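Taking it in order: structure first as structure tokens, then the write-up.
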Number of protein chains: 2
Amino acid sequence: MIRTNTAFLDFILANQDRYPKSLVQELSIEKGHKLIRQRSLVNAVSIINEGIAKCYLYQDDGTDFILEFFGPGEVVGEIEMLNNEFSFAAVEALTPMTVLRLTRDRFIELLTKDPVFNNHVLKLLAGKVKYKATRFSFTQTHTLEQTLTKMLEDMPDLLEVISKKDLVSYLGITKRSLNRTLKNLKEQGHI
Amino acid sequence: MIRTNTAFLDFILANQDRYPKSLVQELSIEKGHKLIRQRSLVNAVSIINEGIAKCYLYQDDGTDFILEFFGPGEVVGEIEMLNNEFSFAAVEALTPMTVLRLTRDRFIELLTKDPVFNNHVLKLLAGKVKYKATRFSFTQTHTLEQTLTKMLEDMPDLLEVISKKDLVSYLGITKRSLNRTLKNLKEQGHI
DNA sequence: AAAAGTAAAGGACATTTGTCCCACCAGTAG
DNA sequence: CTACTGGTGGGACAAATGTCCTTTACTTTT
């Protein structure tokens, strides 16, 4: 549920000496800081080194919808870079983070000149497609109780790591529904 | 709602002479035929030239969930190819189709040797991510009536092109709910 | 045209989820 | 200490959606 990509992070870290500091900049991000704002220009790609971020959309009606939780190795901003469009989602640090940041030019350069880097980006995009597809399919065709049960099986410490507020946004439901369902699961002994 | 990618199709068609027939094979597909089966090996990438296909997941409980409708220029099988995994979704022709098919090796070769081809694939994946993200966010945070209203605004001939059965799978709802909501929209004069 | 078979529409009720609101508790400013 | 604040949990009811089954409409057959 918190997505990671150690293969890519390892690759980047292993090659960091080949990428001068000025081009792959290591940054610390405070909790709550936005790596990307919605509907803004994105001019850098960030690879998460440490920490967790949420990637979410906010709708006209004020509700947030969290698409993914990003952990180490996940990449942020590449979609906007490729599409040459304003960001369609926002990304915000849920914990203190460190990220490796590539400028737009450097990202494009690596993409065209380093086939291994290019392949990592292709795979990572394919992974995002697959993740969204399976997650939304499941969420859409199962009740909240079924979805929550599965999430808690996959990640027993879910409720310690992700705030209820964020969980609510991730599932696209209300606080009330989450509380009610958690209560049911407890009464049934599933938690 | 039916996704297309004319830029990519134009590029492929314009370069077809450079790609020998044996390597970019043009195929006719009958309505109902599956371009990809779920949980199977995929050894070719298909670019849709004409016709419409549905890309869907089937779950354990027997329900289908349609992820996207693909039209001309959309690409099928590239995700499995990149991830080197069995297919996670199925793709089936809704109309008679023609597709341009690349073998695995040819796809990899173009990806590594043709930067323009590579860039098209990157963009196309980024587009799929964005499409899924915005669509699911909307569906999850709006009622069926709101979602249907928007779909009918975007595509007034929706009900003529897509069967109710497929619409139900696309929205992850039941036939009953669709009928009820359509009836309401008619009574309100929105259709 | 009548009968039979099949798919689509919808009524009645059940379940799931949302809305509104209140009670409770911890922190903290006055 | 008191009063205010923000966050959390949950009761009561409303709305949305699903399940089950009947009715309608439309083919096909005879």
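FYI, nothing fancy with the structure tokens labels: chains A, B, ... in order, residues from 1 per chain, ligands from 1 as they appear.
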
> For chain A, which residues have at least one atom within 12 Å of chain D, if we go by only C-alpha atoms (C1' of nucleotides)? Write them as a ChimeraX atom specification, please.
Replying inline: /A:141-143,164-165,175-183

Please report as a compact mmCIF listing (two decimals) with N, CA and C atoms, in the first residue's frame which residues of chain A come no farther than 8 Å from chain B, using only C-alpha atoms.
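Saved file selection37.txt follows:
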```txt
# COMPACT_ATOMS: atom_id res chain seq x y z
N LEU A 57 -5.32 14.21 -5.38
CA LEU A 57 -6.05 15.20 -6.18
C LEU A 57 -7.01 15.92 -5.27
N THR A 63 -12.96 18.00 -1.36
CA THR A 63 -12.47 16.72 -0.87
C THR A 63 -11.17 16.33 -1.58
N PHE A 65 -8.57 13.28 -2.74
CA PHE A 65 -8.56 11.86 -3.06
C PHE A 65 -7.11 11.43 -3.23
N LEU A 67 -4.18 9.17 -4.30
CA LEU A 67 -3.95 8.16 -5.33
C LEU A 67 -2.99 7.09 -4.85
N ILE A 79 5.59 12.44 -14.62
CA ILE A 79 4.44 12.42 -15.54
C ILE A 79 4.21 13.80 -16.14
N LEU A 82 6.90 14.51 -18.68
CA LEU A 82 6.71 13.81 -19.95
C LEU A 82 5.57 14.41 -20.75
N ASN A 83 4.51 14.75 -20.07
CA ASN A 83 3.33 15.28 -20.76
C ASN A 83 3.47 16.75 -21.08
N PHE A 88 -1.32 17.44 -12.39
CA PHE A 88 -2.74 17.10 -12.20
C PHE A 88 -2.99 16.64 -10.78
N THR A 112 17.28 10.15 -22.36
CA THR A 112 17.70 9.91 -23.75
C THR A 112 19.07 9.23 -23.82
N PRO A 115 20.24 4.28 -21.20
CA PRO A 115 19.18 3.30 -21.46
C PRO A 115 18.69 2.62 -20.19
N LEU A 122 10.40 3.64 -17.60
CA LEU A 122 9.33 2.91 -18.28
C LEU A 122 8.66 1.91 -17.32
N LYS A 123 9.47 1.17 -16.62
CA LYS A 123 8.93 0.17 -15.70
C LYS A 123 8.13 0.79 -14.58
N LEU A 125 6.55 3.61 -14.64
CA LEU A 125 5.25 4.08 -15.14
C LEU A 125 4.30 2.90 -15.31
N ALA A 126 4.82 1.83 -15.87
CA ALA A 126 3.98 0.64 -16.04
C ALA A 126 3.48 0.17 -14.68
N GLY A 127 4.34 0.24 -13.69
CA GLY A 127 3.93 -0.16 -12.34
C GLY A 127 2.84 0.73 -11.79
N LYS A 128 2.91 2.01 -12.06
CA LYS A 128 1.88 2.93 -11.57
C LYS A 128 0.54 2.63 -12.23
N VAL A 129 0.58 2.33 -13.51
CA VAL A 129 -0.66 1.98 -14.22
C VAL A 129 -1.27 0.74 -13.58
N LYS A 130 -0.47 -0.27 -13.41
CA LYS A 130 -0.96 -1.54 -12.89
C LYS A 130 -1.50 -1.38 -11.47
N LYS A 132 -2.71 1.31 -9.98
CA LYS A 132 -3.98 2.03 -9.97
C LYS A 132 -5.09 1.14 -10.47
N ALA A 133 -4.82 0.42 -11.54
CA ALA A 133 -5.85 -0.42 -12.13
C ALA A 133 -6.35 -1.45 -11.12
N THR A 134 -5.46 -2.18 -10.49
CA THR A 134 -5.90 -3.24 -9.59
C THR A 134 -6.53 -2.65 -8.33
N PHE A 136 -8.13 0.28 -7.91
CA PHE A 136 -9.44 0.88 -8.12
C PHE A 136 -10.46 -0.17 -8.48
N SER A 137 -10.03 -1.17 -9.22
CA SER A 137 -10.94 -2.24 -9.54
C SER A 137 -11.43 -2.90 -8.26
N GLN A 140 -13.68 -0.53 -6.16
CA GLN A 140 -14.97 -0.25 -6.78
C GLN A 140 -15.92 -1.44 -6.66
N THR A 141 -15.37 -2.63 -6.68
CA THR A 141 -16.24 -3.81 -6.73
C THR A 141 -16.37 -4.51 -5.38
N GLY A 172 -11.70 7.35 -0.42
CA GLY A 172 -12.76 8.15 -1.00
C GLY A 172 -14.06 8.04 -0.23
N ILE A 173 -13.97 7.92 1.08
CA ILE A 173 -15.17 7.77 1.90
C ILE A 173 -15.20 8.87 2.97
```

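When CA of Arg106 (chain A) is paired with CA of Asp105 (chain B), their separation reads 29.0 Å.
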
Contact check, chain C to chain A, at most 12 Å, counting only C-alpha atoms (C1' of nucleotides), closest pairs as a tab-separated table:
```
residue	atom	partner	partner_atom	distance
C:DT15	C1'	A:Thr143	CA	10.4
C:DT16	C1'	A:Thr143	CA	7.7
C:DT17	C1'	A:Ser177	CA	6.4
C:DG18	C1'	A:Thr174	CA	7.2
C:DT19	C1'	A:Arg176	CA	9.5
C:DC20	C1'	A:Arg176	CA	11.1
```

>> Need the shell around region 36-49 of chain B: protein/DNA/RNA residues with any atom at most 9 Å away, counting only C-alpha atoms (C1' of nucleotides). Skip same-chain ones fewer than 5 positions apart. Format as a PyMOL selection string?
In response: chain B and resi 4+8-9+12+26+55-58+70-78+80-81+84-92+97-107

Emit the selected residues as a short mmCIF file (atom, residue, chain, number, x, y, z; two decimals), in the first residue's frame, including C-alpha atoms.
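Generated output (selection19.cif):
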```
data_model
loop_
_atom_site.label_atom_id
_atom_site.label_comp_id
_atom_site.auth_asym_id
_atom_site.auth_seq_id
_atom_site.Cartn_x
_atom_site.Cartn_y
_atom_site.Cartn_z
CA THR B 4 -7.21 7.52 -28.62
CA PHE B 8 1.30 7.82 -32.00
CA LEU B 9 -0.78 6.18 -34.71
CA ILE B 12 3.64 4.52 -36.70
CA GLU B 26 -1.28 -5.71 -39.71
CA CYS B 55 -9.52 -3.35 -21.32
CA TYR B 56 -10.85 -5.02 -18.19
CA LEU B 57 -10.06 -7.04 -15.12
CA TYR B 58 -12.14 -9.93 -13.95
CA PHE B 70 -9.24 1.86 -26.36
CA GLY B 71 -9.61 3.43 -29.77
CA PRO B 72 -7.18 4.20 -32.61
CA GLY B 73 -3.60 4.80 -31.56
CA GLU B 74 -3.93 3.20 -28.16
CA VAL B 75 -1.48 0.49 -27.30
CA VAL B 76 -2.04 -2.87 -25.72
CA GLY B 77 0.43 -5.23 -24.11
CA GLU B 78 3.25 -2.79 -23.49
CA GLU B 80 3.21 -6.65 -19.54
CA MET B 81 6.17 -6.42 -21.88
CA ASN B 84 7.96 -8.97 -17.83
CA GLU B 85 4.90 -10.32 -16.12
CA PHE B 86 1.73 -12.12 -16.99
CA SER B 87 -1.06 -9.87 -18.11
CA PHE B 88 -3.05 -8.35 -15.27
CA ALA B 89 -5.97 -7.39 -17.50
CA ALA B 90 -7.79 -8.69 -20.55
CA VAL B 91 -8.42 -6.79 -23.78
CA GLU B 92 -11.32 -7.66 -26.04
CA MET B 97 -10.69 -4.03 -35.49
CA THR B 98 -7.41 -3.75 -37.29
CA VAL B 99 -4.22 -3.55 -35.28
CA LEU B 100 -0.53 -3.20 -35.98
CA ARG B 101 1.35 -5.83 -34.08
CA LEU B 102 4.98 -5.76 -32.97
CA THR B 103 6.77 -8.79 -31.65
CA ARG B 104 8.38 -8.56 -28.26
CA ASP B 105 11.87 -8.29 -29.74
CA ARG B 106 10.84 -5.66 -32.23
CA PHE B 107 9.14 -3.62 -29.51
#
```

>> Residues of chain B classed as strand (DSSP E or B) by DSSP on the backbone are to be reported as a VMD selection string.
In response: chain B and resid 2 to 3 24 to 29 34 to 36 44 to 50 53 to 58 64 to 70 75 to 76 90 to 93 97 to 103

Just N, CA and C atoms for this one: save the residues we selected as a tab-separated table (two decimals), in the first residue's frame.
```tsv
chain	number	residue	atom	x	y	z
B	2	ILE	N	-13.59	7.13	-24.66
B	2	ILE	CA	-12.87	6.16	-25.49
B	2	ILE	C	-11.55	6.81	-25.84
B	3	ARG	N	-10.48	6.25	-25.34
B	3	ARG	CA	-9.19	6.91	-25.46
B	3	ARG	C	-8.54	6.64	-26.82
B	24	VAL	N	6.14	-5.33	-38.44
B	24	VAL	CA	4.92	-4.66	-38.00
B	24	VAL	C	3.79	-5.26	-38.80
B	25	GLN	N	3.15	-6.22	-38.18
B	25	GLN	CA	2.16	-7.01	-38.88
B	25	GLN	C	0.78	-6.39	-38.72
B	26	GLU	N	0.07	-6.24	-39.81
B	26	GLU	CA	-1.28	-5.71	-39.71
B	26	GLU	C	-2.26	-6.86	-39.61
B	27	LEU	N	-3.11	-6.79	-38.60
B	27	LEU	CA	-4.03	-7.89	-38.33
B	27	LEU	C	-5.46	-7.39	-38.27
B	28	SER	N	-6.38	-8.23	-38.71
B	28	SER	CA	-7.80	-7.95	-38.49
B	28	SER	C	-8.27	-8.77	-37.29
B	29	ILE	N	-9.08	-8.15	-36.48
B	29	ILE	CA	-9.57	-8.82	-35.28
B	29	ILE	C	-11.09	-8.79	-35.32
B	34	LYS	N	-10.34	-11.83	-28.12
B	34	LYS	CA	-9.49	-11.26	-27.08
B	34	LYS	C	-8.08	-11.01	-27.59
B	35	LEU	N	-7.66	-9.78	-27.54
B	35	LEU	CA	-6.28	-9.46	-27.90
B	35	LEU	C	-5.34	-9.93	-26.80
B	36	ILE	N	-5.81	-9.85	-25.57
B	36	ILE	CA	-5.01	-10.30	-24.43
B	36	ILE	C	-5.92	-11.00	-23.44
B	44	ALA	N	3.46	-9.89	-27.68
B	44	ALA	CA	3.41	-8.90	-28.75
B	44	ALA	C	2.69	-7.65	-28.24
B	45	VAL	N	3.04	-6.54	-28.83
B	45	VAL	CA	2.39	-5.27	-28.52
B	45	VAL	C	1.52	-4.91	-29.71
B	46	SER	N	0.27	-4.51	-29.44
B	46	SER	CA	-0.62	-4.15	-30.54
B	46	SER	C	-0.99	-2.68	-30.48
B	47	ILE	N	-0.93	-2.03	-31.61
B	47	ILE	CA	-1.37	-0.64	-31.71
B	47	ILE	C	-2.67	-0.64	-32.49
B	48	ILE	N	-3.69	-0.05	-31.92
B	48	ILE	CA	-5.00	-0.09	-32.57
B	48	ILE	C	-5.03	0.87	-33.74
B	49	ASN	N	-5.43	0.35	-34.88
B	49	ASN	CA	-5.56	1.17	-36.07
B	49	ASN	C	-7.02	1.58	-36.26
B	50	GLU	N	-7.91	0.62	-36.20
B	50	GLU	CA	-9.34	0.90	-36.33
B	50	GLU	C	-10.11	0.07	-35.31
B	53	ALA	N	-11.78	-1.37	-28.39
B	53	ALA	CA	-11.62	-2.53	-27.51
B	53	ALA	C	-11.86	-2.11	-26.08
B	54	LYS	N	-12.20	-3.09	-25.24
B	54	LYS	CA	-12.29	-2.80	-23.82
B	54	LYS	C	-11.15	-3.50	-23.10
B	55	CYS	N	-10.59	-2.79	-22.14
B	55	CYS	CA	-9.52	-3.35	-21.32
B	55	CYS	C	-10.11	-3.53	-19.93
B	56	TYR	N	-10.13	-4.76	-19.44
B	56	TYR	CA	-10.85	-5.02	-18.19
B	56	TYR	C	-10.18	-6.09	-17.34
B	57	LEU	N	-10.51	-6.04	-16.07
B	57	LEU	CA	-10.06	-7.04	-15.12
B	57	LEU	C	-11.25	-7.90	-14.74
B	58	TYR	N	-11.07	-9.19	-14.59
B	58	TYR	CA	-12.14	-9.93	-13.95
B	58	TYR	C	-11.70	-10.40	-12.58
B	64	ASP	N	-16.73	-8.22	-13.95
B	64	ASP	CA	-15.70	-7.54	-14.73
B	64	ASP	C	-15.61	-6.09	-14.30
B	65	PHE	N	-14.43	-5.55	-14.41
B	65	PHE	CA	-14.26	-4.11	-14.20
B	65	PHE	C	-13.48	-3.55	-15.37
B	66	ILE	N	-14.13	-2.70	-16.15
B	66	ILE	CA	-13.48	-2.16	-17.35
B	66	ILE	C	-12.62	-0.95	-16.95
B	67	LEU	N	-11.36	-1.01	-17.31
B	67	LEU	CA	-10.43	0.08	-16.98
B	67	LEU	C	-10.50	1.19	-17.99
B	68	GLU	N	-10.48	0.83	-19.26
B	68	GLU	CA	-10.50	1.84	-20.31
B	68	GLU	C	-11.12	1.25	-21.57
B	69	PHE	N	-11.64	2.13	-22.40
B	69	PHE	CA	-12.00	1.76	-23.76
B	69	PHE	C	-10.91	2.31	-24.67
B	70	PHE	N	-10.34	1.45	-25.48
B	70	PHE	CA	-9.24	1.86	-26.36
B	70	PHE	C	-9.72	2.06	-27.78
B	75	VAL	N	-2.43	1.59	-27.25
B	75	VAL	CA	-1.48	0.49	-27.30
B	75	VAL	C	-1.80	-0.53	-26.22
B	76	VAL	N	-1.62	-1.75	-26.56
B	76	VAL	CA	-2.04	-2.87	-25.72
B	76	VAL	C	-0.88	-3.85	-25.56
B	90	ALA	N	-7.44	-8.10	-19.26
B	90	ALA	CA	-7.79	-8.69	-20.55
B	90	ALA	C	-8.19	-7.56	-21.50
B	91	VAL	N	-8.00	-7.78	-22.79
B	91	VAL	CA	-8.42	-6.79	-23.78
B	91	VAL	C	-9.22	-7.51	-24.84
B	92	GLU	N	-10.41	-6.97	-25.14
B	92	GLU	CA	-11.32	-7.66	-26.04
B	92	GLU	C	-11.94	-6.67	-27.03
B	93	ALA	N	-12.03	-7.08	-28.27
B	93	ALA	CA	-12.57	-6.21	-29.32
B	93	ALA	C	-14.07	-6.02	-29.16
B	97	MET	N	-11.85	-4.91	-35.65
B	97	MET	CA	-10.69	-4.03	-35.49
B	97	MET	C	-9.58	-4.39	-36.47
B	98	THR	N	-8.72	-3.43	-36.72
B	98	THR	CA	-7.41	-3.75	-37.29
B	98	THR	C	-6.35	-3.20	-36.34
B	99	VAL	N	-5.31	-3.98	-36.16
B	99	VAL	CA	-4.22	-3.55	-35.28
B	99	VAL	C	-2.88	-3.76	-35.97
B	100	LEU	N	-1.91	-3.01	-35.52
B	100	LEU	CA	-0.53	-3.20	-35.98
B	100	LEU	C	0.20	-3.89	-34.84
B	101	ARG	N	0.77	-5.03	-35.15
B	101	ARG	CA	1.35	-5.83	-34.08
B	101	ARG	C	2.87	-5.91	-34.20
B	102	LEU	N	3.52	-5.65	-33.06
B	102	LEU	CA	4.98	-5.76	-32.97
B	102	LEU	C	5.34	-6.95	-32.10
B	103	THR	N	6.29	-7.72	-32.53
B	103	THR	CA	6.77	-8.79	-31.65
B	103	THR	C	7.48	-8.17	-30.46
```

>> To test your reading of the structure, identify every residue in region 119-177 of chain B that backbone DSSP assigns to alpha helix (DSSP H), and report it as JSON, numbers by chain.
In response: {"B": [119, 120, 121, 122, 123, 124, 125, 126, 127, 128, 129, 130, 131, 132, 133, 134, 135, 136, 137, 138, 139, 140, 141, 144, 145, 146, 147, 148, 149, 150, 151, 152, 153, 154, 158, 159, 160, 161, 164, 165, 166, 167, 168, 169, 170, 171, 175, 176, 177]}

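CA of Thr147 (chain B) is positioned 23.8 Å from CA of Asn5 (chain B).
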
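The space between CA of Glu187 (chain A) and CA of Gln146 (chain A) spans 15.0 Å.
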